[in-house]
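Inspection log for the structure reproduced underneath, given as structure tokens.
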Amino acid sequence: MNELTDEKTLVIYRRNGCLGCIYVSKLLDFIDTPDARIIACECDNTKEKYPEFGIKSTPLWAVFEHGEKLSEMNPASDREALFRFLNETARIEILRLFFDMQLDLGREYADRMQDVFAELIVRKQKEDANAIISATRLKVMKACMSKSYPEREECIDQVLNRIHVILKERMSEPDGDTEVRRKAIEELPRLKEELLNYTV
């Protein structure tokens, strides 16, 4: 990794599996040009290399000059603030059209990855029933909550039935019949009632 110098530098703090990091990744690919001085730091390495900068969460983008931090922000939190941060603070010029386009692409990518992560939790989690239920809730809300009745209830039933089948299949595997998975299956009817009563 490059070191900080006296030049104005944008430092990107990120980690694998961070949805906010995925959201801004397409924008980062777009602005990472030879004219821009950008350093990307993985979260684990960051804590070792820059403990004095107090990195507590990712994503975090910070601008340094002469080795001193001038400003920082969570780039996934506020689109308007991020545009100003890049153009005015980091002095990385980007047209608004391309800025919005890259963030929209990143949002689509992050949404897809969020669904992938939820699917993996449902299939692989054996130690935390709440994690399975949370992942199931996410999958139902993404698939069904924009629908009106009775389509919403049909959609919820389809997703929950699929989750039930996945859990039963996992329980049939060696060492797969865990108390956590049994508890998650028991919670599915309650989750259905919760989601049916959910107001968008």
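Chains: A, B, ... in order of the structure tokens. Residues: from 1 per chain. Ligands: from 1, in order shown.
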Point to revise | Distance query Cys18 in chain A at most 10 Å, only C-alpha atoms, self and fewer than 5 positions along chain excluded, as JSON, numbers by chain | key: {"A": [23, 57, 58, 59, 110, 113, 114]}
Check your understanding: Got a sec to tell me which of chain A DSSP assigns to strand (DSSP E), as number ranges by chain?
Key -> A: 9-14, 38-42, 60-65, 68-73
Among the residues of range 5-175 of chain A, find those DSSP assigns to alpha helix (DSSP H) from the backbone and print them as a short mmCIF file (atom, residue, chain, number, x, y, z; two decimals) with N, CA, C and O atoms, in the first residue's frame.
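Dumped everything to part-v2.cif:
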data_model
loop_
_atom_site.label_atom_id
_atom_site.label_comp_id
_atom_site.auth_asym_id
_atom_site.auth_seq_id
_atom_site.Cartn_x
_atom_site.Cartn_y
_atom_site.Cartn_z
N LEU A 19 -21.68 -3.92 3.04
CA LEU A 19 -22.61 -3.53 1.99
C LEU A 19 -22.43 -2.07 1.58
O LEU A 19 -22.56 -1.73 0.41
N GLY A 20 -22.13 -1.21 2.54
CA GLY A 20 -21.86 0.18 2.19
C GLY A 20 -20.65 0.31 1.30
O GLY A 20 -20.61 1.14 0.38
N CYS A 21 -19.64 -0.53 1.56
CA CYS A 21 -18.43 -0.53 0.72
C CYS A 21 -18.77 -0.99 -0.69
O CYS A 21 -18.25 -0.45 -1.68
N ILE A 22 -19.64 -1.98 -0.78
CA ILE A 22 -20.06 -2.47 -2.09
C ILE A 22 -20.84 -1.39 -2.83
O ILE A 22 -20.67 -1.19 -4.04
N TYR A 23 -21.68 -0.66 -2.10
CA TYR A 23 -22.50 0.39 -2.70
C TYR A 23 -21.65 1.45 -3.41
O TYR A 23 -21.98 1.90 -4.51
N VAL A 24 -20.53 1.84 -2.80
CA VAL A 24 -19.70 2.90 -3.39
C VAL A 24 -18.56 2.35 -4.24
O VAL A 24 -17.76 3.11 -4.77
N SER A 25 -18.49 1.03 -4.38
CA SER A 25 -17.36 0.43 -5.09
C SER A 25 -17.30 0.82 -6.56
O SER A 25 -16.21 1.03 -7.11
N LYS A 26 -18.47 0.92 -7.21
CA LYS A 26 -18.48 1.30 -8.62
C LYS A 26 -17.99 2.73 -8.81
O LYS A 26 -17.29 3.04 -9.78
N LEU A 27 -18.36 3.60 -7.88
CA LEU A 27 -17.88 4.99 -7.94
C LEU A 27 -16.38 5.04 -7.73
O LEU A 27 -15.66 5.77 -8.42
N LEU A 28 -15.89 4.25 -6.79
CA LEU A 28 -14.45 4.22 -6.53
C LEU A 28 -13.69 3.75 -7.76
O LEU A 28 -12.65 4.31 -8.11
N ASP A 29 -14.21 2.73 -8.43
CA ASP A 29 -13.57 2.26 -9.67
C ASP A 29 -13.49 3.39 -10.70
O ASP A 29 -12.52 3.50 -11.45
N PHE A 30 -14.51 4.23 -10.72
CA PHE A 30 -14.60 5.30 -11.73
C PHE A 30 -13.64 6.44 -11.44
O PHE A 30 -13.05 7.01 -12.36
N ILE A 31 -13.48 6.80 -10.16
CA ILE A 31 -12.65 7.96 -9.83
C ILE A 31 -11.19 7.60 -9.61
O ILE A 31 -10.33 8.48 -9.52
N CYS A 43 -9.82 -2.97 6.31
CA CYS A 43 -10.12 -2.60 7.69
C CYS A 43 -9.12 -3.17 8.69
O CYS A 43 -8.65 -2.47 9.56
N ASP A 44 -8.78 -4.45 8.57
CA ASP A 44 -7.89 -5.07 9.53
C ASP A 44 -6.52 -4.41 9.52
O ASP A 44 -5.93 -4.13 10.56
N ASN A 45 -6.01 -4.15 8.31
CA ASN A 45 -4.71 -3.51 8.19
C ASN A 45 -4.75 -2.08 8.70
O ASN A 45 -3.78 -1.58 9.26
N THR A 46 -5.89 -1.43 8.52
CA THR A 46 -6.02 -0.04 8.93
C THR A 46 -5.79 0.11 10.43
O THR A 46 -5.08 0.99 10.88
N LYS A 47 -6.38 -0.78 11.21
CA LYS A 47 -6.27 -0.67 12.66
C LYS A 47 -4.83 -0.80 13.10
O LYS A 47 -4.41 -0.22 14.09
N GLU A 48 -4.05 -1.60 12.36
CA GLU A 48 -2.65 -1.77 12.71
C GLU A 48 -1.82 -0.58 12.24
O GLU A 48 -0.91 -0.13 12.92
N LYS A 49 -2.14 -0.04 11.07
CA LYS A 49 -1.28 0.97 10.47
C LYS A 49 -1.60 2.38 10.92
O LYS A 49 -0.71 3.21 11.08
N ARG A 79 -25.74 11.00 -0.36
CA ARG A 79 -25.27 11.17 -1.74
C ARG A 79 -24.83 12.60 -2.02
O ARG A 79 -23.78 12.82 -2.64
N GLU A 80 -25.61 13.58 -1.59
CA GLU A 80 -25.28 14.98 -1.86
C GLU A 80 -23.98 15.37 -1.16
O GLU A 80 -23.13 16.05 -1.74
N ALA A 81 -23.85 14.94 0.08
CA ALA A 81 -22.64 15.26 0.83
C ALA A 81 -21.41 14.60 0.21
O ALA A 81 -20.32 15.18 0.19
N LEU A 82 -21.58 13.40 -0.32
CA LEU A 82 -20.46 12.70 -0.95
C LEU A 82 -20.02 13.43 -2.21
O LEU A 82 -18.81 13.56 -2.47
N PHE A 83 -20.96 13.93 -2.99
CA PHE A 83 -20.61 14.66 -4.20
C PHE A 83 -19.79 15.90 -3.85
O PHE A 83 -18.76 16.19 -4.49
N ARG A 84 -20.22 16.63 -2.83
CA ARG A 84 -19.47 17.82 -2.41
C ARG A 84 -18.11 17.43 -1.84
O ARG A 84 -17.10 18.10 -2.08
N ARG A 96 -21.75 15.25 -12.41
CA ARG A 96 -22.87 14.73 -11.63
C ARG A 96 -23.54 13.54 -12.33
O ARG A 96 -23.95 12.57 -11.66
N LEU A 97 -23.63 13.58 -13.64
CA LEU A 97 -24.26 12.48 -14.37
C LEU A 97 -23.54 11.17 -14.11
O LEU A 97 -24.17 10.14 -13.82
N PHE A 98 -22.21 11.19 -14.20
CA PHE A 98 -21.44 9.97 -14.00
C PHE A 98 -21.43 9.56 -12.53
O PHE A 98 -21.43 8.37 -12.21
N PHE A 99 -21.42 10.54 -11.65
CA PHE A 99 -21.48 10.27 -10.21
C PHE A 99 -22.75 9.49 -9.87
O PHE A 99 -22.71 8.44 -9.23
N ASP A 100 -23.90 10.00 -10.33
CA ASP A 100 -25.17 9.34 -10.05
C ASP A 100 -25.24 7.96 -10.71
O ASP A 100 -25.76 7.01 -10.13
N MET A 101 -24.71 7.87 -11.91
CA MET A 101 -24.75 6.60 -12.64
C MET A 101 -23.98 5.51 -11.89
O MET A 101 -24.46 4.39 -11.72
N GLN A 102 -22.80 5.86 -11.40
CA GLN A 102 -21.97 4.87 -10.70
C GLN A 102 -22.59 4.47 -9.36
O GLN A 102 -22.55 3.30 -8.97
N LEU A 103 -23.19 5.42 -8.66
CA LEU A 103 -23.83 5.08 -7.39
C LEU A 103 -25.08 4.22 -7.62
O LEU A 103 -25.36 3.32 -6.83
N ASP A 104 -25.81 4.50 -8.68
CA ASP A 104 -26.98 3.67 -8.99
C ASP A 104 -26.56 2.24 -9.31
O ASP A 104 -27.20 1.27 -8.87
N LEU A 105 -25.48 2.10 -10.06
CA LEU A 105 -24.96 0.76 -10.35
C LEU A 105 -24.51 0.07 -9.06
O LEU A 105 -24.75 -1.12 -8.86
N GLY A 106 -23.87 0.84 -8.20
CA GLY A 106 -23.42 0.28 -6.93
C GLY A 106 -24.57 -0.15 -6.05
O GLY A 106 -24.49 -1.18 -5.37
N ARG A 107 -25.66 0.62 -6.06
CA ARG A 107 -26.84 0.27 -5.27
C ARG A 107 -27.44 -1.05 -5.76
O ARG A 107 -27.80 -1.92 -4.95
N GLU A 108 -27.53 -1.21 -7.07
CA GLU A 108 -28.06 -2.46 -7.62
C GLU A 108 -27.16 -3.64 -7.24
O GLU A 108 -27.65 -4.71 -6.87
N TYR A 109 -25.87 -3.42 -7.32
CA TYR A 109 -24.92 -4.48 -6.98
C TYR A 109 -25.01 -4.84 -5.50
O TYR A 109 -25.02 -6.01 -5.11
N ALA A 110 -25.10 -3.81 -4.64
CA ALA A 110 -25.20 -4.05 -3.20
C ALA A 110 -26.49 -4.79 -2.86
O ALA A 110 -26.50 -5.67 -1.99
N ASP A 111 -27.58 -4.44 -3.54
CA ASP A 111 -28.85 -5.13 -3.30
C ASP A 111 -28.74 -6.61 -3.65
O ASP A 111 -29.24 -7.48 -2.93
N ARG A 112 -28.08 -6.90 -4.77
CA ARG A 112 -27.90 -8.30 -5.16
C ARG A 112 -27.03 -9.04 -4.15
O ARG A 112 -27.32 -10.18 -3.77
N MET A 113 -25.97 -8.39 -3.70
CA MET A 113 -25.07 -9.03 -2.75
C MET A 113 -25.75 -9.23 -1.40
O MET A 113 -25.51 -10.23 -0.71
N GLN A 114 -26.61 -8.29 -1.01
CA GLN A 114 -27.35 -8.44 0.24
C GLN A 114 -28.21 -9.69 0.20
O GLN A 114 -28.30 -10.45 1.18
N ASP A 115 -28.84 -9.94 -0.94
CA ASP A 115 -29.66 -11.13 -1.09
C ASP A 115 -28.80 -12.39 -1.05
O ASP A 115 -29.19 -13.40 -0.47
N VAL A 116 -27.62 -12.32 -1.65
CA VAL A 116 -26.69 -13.45 -1.62
C VAL A 116 -26.26 -13.75 -0.19
O VAL A 116 -26.24 -14.91 0.24
N PHE A 117 -25.92 -12.70 0.57
CA PHE A 117 -25.50 -12.89 1.96
C PHE A 117 -26.62 -13.53 2.78
O PHE A 117 -26.38 -14.43 3.60
N ALA A 118 -27.86 -13.05 2.56
CA ALA A 118 -29.00 -13.61 3.30
C ALA A 118 -29.19 -15.08 2.96
O ALA A 118 -29.46 -15.91 3.84
N GLU A 119 -29.04 -15.41 1.69
CA GLU A 119 -29.18 -16.81 1.27
C GLU A 119 -28.12 -17.69 1.93
O GLU A 119 -28.40 -18.80 2.39
N LEU A 120 -26.90 -17.19 1.99
CA LEU A 120 -25.81 -17.95 2.62
C LEU A 120 -26.08 -18.18 4.10
O LEU A 120 -25.80 -19.26 4.64
N ILE A 121 -26.61 -17.16 4.77
CA ILE A 121 -26.92 -17.30 6.20
C ILE A 121 -27.96 -18.39 6.41
O ILE A 121 -27.83 -19.24 7.29
N VAL A 122 -29.01 -18.35 5.59
CA VAL A 122 -30.07 -19.36 5.72
C VAL A 122 -29.50 -20.76 5.51
O VAL A 122 -29.85 -21.71 6.23
N ARG A 123 -28.63 -20.90 4.55
CA ARG A 123 -28.11 -22.22 4.20
C ARG A 123 -27.01 -22.71 5.14
O ARG A 123 -26.90 -23.91 5.39
N LYS A 124 -26.20 -21.79 5.65
CA LYS A 124 -24.99 -22.20 6.37
C LYS A 124 -25.06 -22.02 7.89
O LYS A 124 -24.33 -22.69 8.62
N ALA A 129 -30.15 -18.84 15.61
CA ALA A 129 -31.48 -18.85 14.99
C ALA A 129 -31.93 -17.44 14.62
O ALA A 129 -32.60 -17.24 13.61
N ASN A 130 -31.56 -16.45 15.43
CA ASN A 130 -31.95 -15.08 15.13
C ASN A 130 -31.36 -14.60 13.81
O ASN A 130 -31.99 -13.83 13.08
N ALA A 131 -30.14 -15.05 13.51
CA ALA A 131 -29.52 -14.67 12.24
C ALA A 131 -30.30 -15.26 11.07
O ALA A 131 -30.50 -14.61 10.05
N ILE A 132 -30.75 -16.50 11.22
CA ILE A 132 -31.55 -17.13 10.17
C ILE A 132 -32.86 -16.38 9.97
O ILE A 132 -33.27 -16.11 8.84
N ILE A 133 -33.52 -16.04 11.07
CA ILE A 133 -34.80 -15.34 10.98
C ILE A 133 -34.59 -13.95 10.38
O ILE A 133 -35.39 -13.49 9.54
N SER A 134 -33.53 -13.26 10.77
CA SER A 134 -33.26 -11.93 10.22
C SER A 134 -33.01 -12.00 8.72
O SER A 134 -33.49 -11.16 7.94
N ALA A 135 -32.25 -13.01 8.30
CA ALA A 135 -31.98 -13.19 6.87
C ALA A 135 -33.26 -13.53 6.12
O ALA A 135 -33.50 -13.04 5.01
N THR A 136 -34.10 -14.36 6.73
CA THR A 136 -35.38 -14.71 6.11
C THR A 136 -36.28 -13.48 5.99
O THR A 136 -36.92 -13.25 4.96
N ARG A 137 -36.32 -12.68 7.06
CA ARG A 137 -37.13 -11.45 7.03
C ARG A 137 -36.67 -10.54 5.89
O ARG A 137 -37.49 -9.98 5.17
N LEU A 138 -35.36 -10.41 5.74
CA LEU A 138 -34.83 -9.58 4.67
C LEU A 138 -35.26 -10.09 3.30
O LEU A 138 -35.69 -9.31 2.43
N LYS A 139 -35.16 -11.40 3.10
CA LYS A 139 -35.52 -11.97 1.80
C LYS A 139 -37.01 -11.76 1.51
O LYS A 139 -37.39 -11.44 0.38
N VAL A 140 -37.86 -11.92 2.52
CA VAL A 140 -39.29 -11.71 2.32
C VAL A 140 -39.58 -10.25 2.01
O VAL A 140 -40.35 -9.93 1.09
N MET A 141 -38.97 -9.34 2.75
CA MET A 141 -39.26 -7.92 2.56
C MET A 141 -38.81 -7.45 1.18
O MET A 141 -39.51 -6.67 0.52
N LYS A 142 -37.67 -7.94 0.73
CA LYS A 142 -37.20 -7.55 -0.60
C LYS A 142 -38.11 -8.09 -1.70
O LYS A 142 -38.34 -7.45 -2.72
N ALA A 143 -38.64 -9.30 -1.49
CA ALA A 143 -39.42 -9.95 -2.54
C ALA A 143 -40.89 -9.56 -2.51
O ALA A 143 -41.54 -9.51 -3.57
N CYS A 144 -41.43 -9.26 -1.33
CA CYS A 144 -42.89 -9.24 -1.19
C CYS A 144 -43.51 -7.93 -0.73
O CYS A 144 -44.69 -7.68 -1.00
N GLU A 151 -51.66 -10.67 -3.16
CA GLU A 151 -50.39 -11.10 -3.74
C GLU A 151 -49.27 -11.12 -2.70
O GLU A 151 -48.39 -11.98 -2.74
N ARG A 152 -49.34 -10.17 -1.75
CA ARG A 152 -48.28 -10.14 -0.73
C ARG A 152 -48.28 -11.42 0.10
O ARG A 152 -47.22 -12.01 0.33
N GLU A 153 -49.45 -11.85 0.54
CA GLU A 153 -49.52 -13.05 1.36
C GLU A 153 -49.04 -14.28 0.58
O GLU A 153 -48.34 -15.14 1.12
N GLU A 154 -49.41 -14.36 -0.69
CA GLU A 154 -48.96 -15.48 -1.51
C GLU A 154 -47.45 -15.47 -1.65
O GLU A 154 -46.79 -16.53 -1.58
N CYS A 155 -46.89 -14.30 -1.84
CA CYS A 155 -45.43 -14.17 -1.97
C CYS A 155 -44.74 -14.57 -0.67
O CYS A 155 -43.74 -15.30 -0.68
N ILE A 156 -45.26 -14.09 0.46
CA ILE A 156 -44.68 -14.45 1.76
C ILE A 156 -44.70 -15.95 1.96
O ILE A 156 -43.71 -16.55 2.40
N ASP A 157 -45.83 -16.57 1.63
CA ASP A 157 -45.93 -18.03 1.77
C ASP A 157 -44.89 -18.74 0.90
O ASP A 157 -44.25 -19.70 1.34
N GLN A 158 -44.71 -18.26 -0.31
CA GLN A 158 -43.75 -18.89 -1.22
C GLN A 158 -42.33 -18.80 -0.67
O GLN A 158 -41.58 -19.79 -0.67
N VAL A 159 -41.96 -17.62 -0.20
CA VAL A 159 -40.59 -17.44 0.31
C VAL A 159 -40.38 -18.26 1.57
O VAL A 159 -39.37 -18.96 1.72
N LEU A 160 -41.33 -18.20 2.50
CA LEU A 160 -41.17 -18.94 3.75
C LEU A 160 -41.19 -20.45 3.52
O LEU A 160 -40.45 -21.19 4.19
N ASN A 161 -42.00 -20.90 2.59
CA ASN A 161 -42.01 -22.33 2.27
C ASN A 161 -40.66 -22.76 1.70
O ASN A 161 -40.16 -23.85 2.00
N ARG A 162 -40.09 -21.90 0.88
CA ARG A 162 -38.77 -22.22 0.31
C ARG A 162 -37.72 -22.28 1.42
O ARG A 162 -36.86 -23.17 1.43
N ILE A 163 -37.76 -21.33 2.35
CA ILE A 163 -36.81 -21.33 3.47
C ILE A 163 -37.00 -22.59 4.31
O ILE A 163 -36.03 -23.23 4.73
N HIS A 164 -38.25 -22.97 4.53
CA HIS A 164 -38.55 -24.18 5.29
C HIS A 164 -37.93 -25.41 4.62
O HIS A 164 -37.31 -26.26 5.28
N VAL A 165 -38.07 -25.49 3.31
CA VAL A 165 -37.50 -26.62 2.56
C VAL A 165 -35.97 -26.63 2.67
O VAL A 165 -35.35 -27.68 2.89
N ILE A 166 -35.36 -25.46 2.54
CA ILE A 166 -33.90 -25.37 2.65
C ILE A 166 -33.43 -25.84 4.02
O ILE A 166 -32.47 -26.63 4.14
N LEU A 167 -34.10 -25.38 5.07
CA LEU A 167 -33.70 -25.76 6.43
C LEU A 167 -33.87 -27.26 6.65
O LEU A 167 -33.01 -27.91 7.26
N LYS A 168 -34.97 -27.82 6.16
CA LYS A 168 -35.19 -29.26 6.31
C LYS A 168 -34.13 -30.05 5.55
O LYS A 168 -33.64 -31.09 6.03
N GLU A 169 -33.76 -29.57 4.37
CA GLU A 169 -32.71 -30.24 3.60
C GLU A 169 -31.39 -30.20 4.36
O GLU A 169 -30.66 -31.20 4.41
N ARG A 170 -31.08 -29.06 4.95
CA ARG A 170 -29.84 -28.94 5.71
C ARG A 170 -29.87 -29.83 6.95
O ARG A 170 -28.85 -30.39 7.36
N MET A 171 -31.04 -29.98 7.54
CA MET A 171 -31.16 -30.81 8.73
C MET A 171 -30.99 -32.29 8.42
O MET A 171 -30.66 -33.09 9.30
#
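Ranking A:Glu65, A:Glu72, A:Glu127, A:Glu42 by their shortest atom-to-atom distance to Val180 in chain A, with only C-alpha atoms included, puts A:Glu127 first.
Across the structure, CA of Gly67 in chain A and CA of Asp6 in chain A are spaced 6.1 Å apart.
Between Ile12 in chain A and the candidates A:Val63, A:Leu188, A:Leu195, A:Ala76, the tightest atom-to-atom separation, counting only C-alpha atoms, involves A:Val63.
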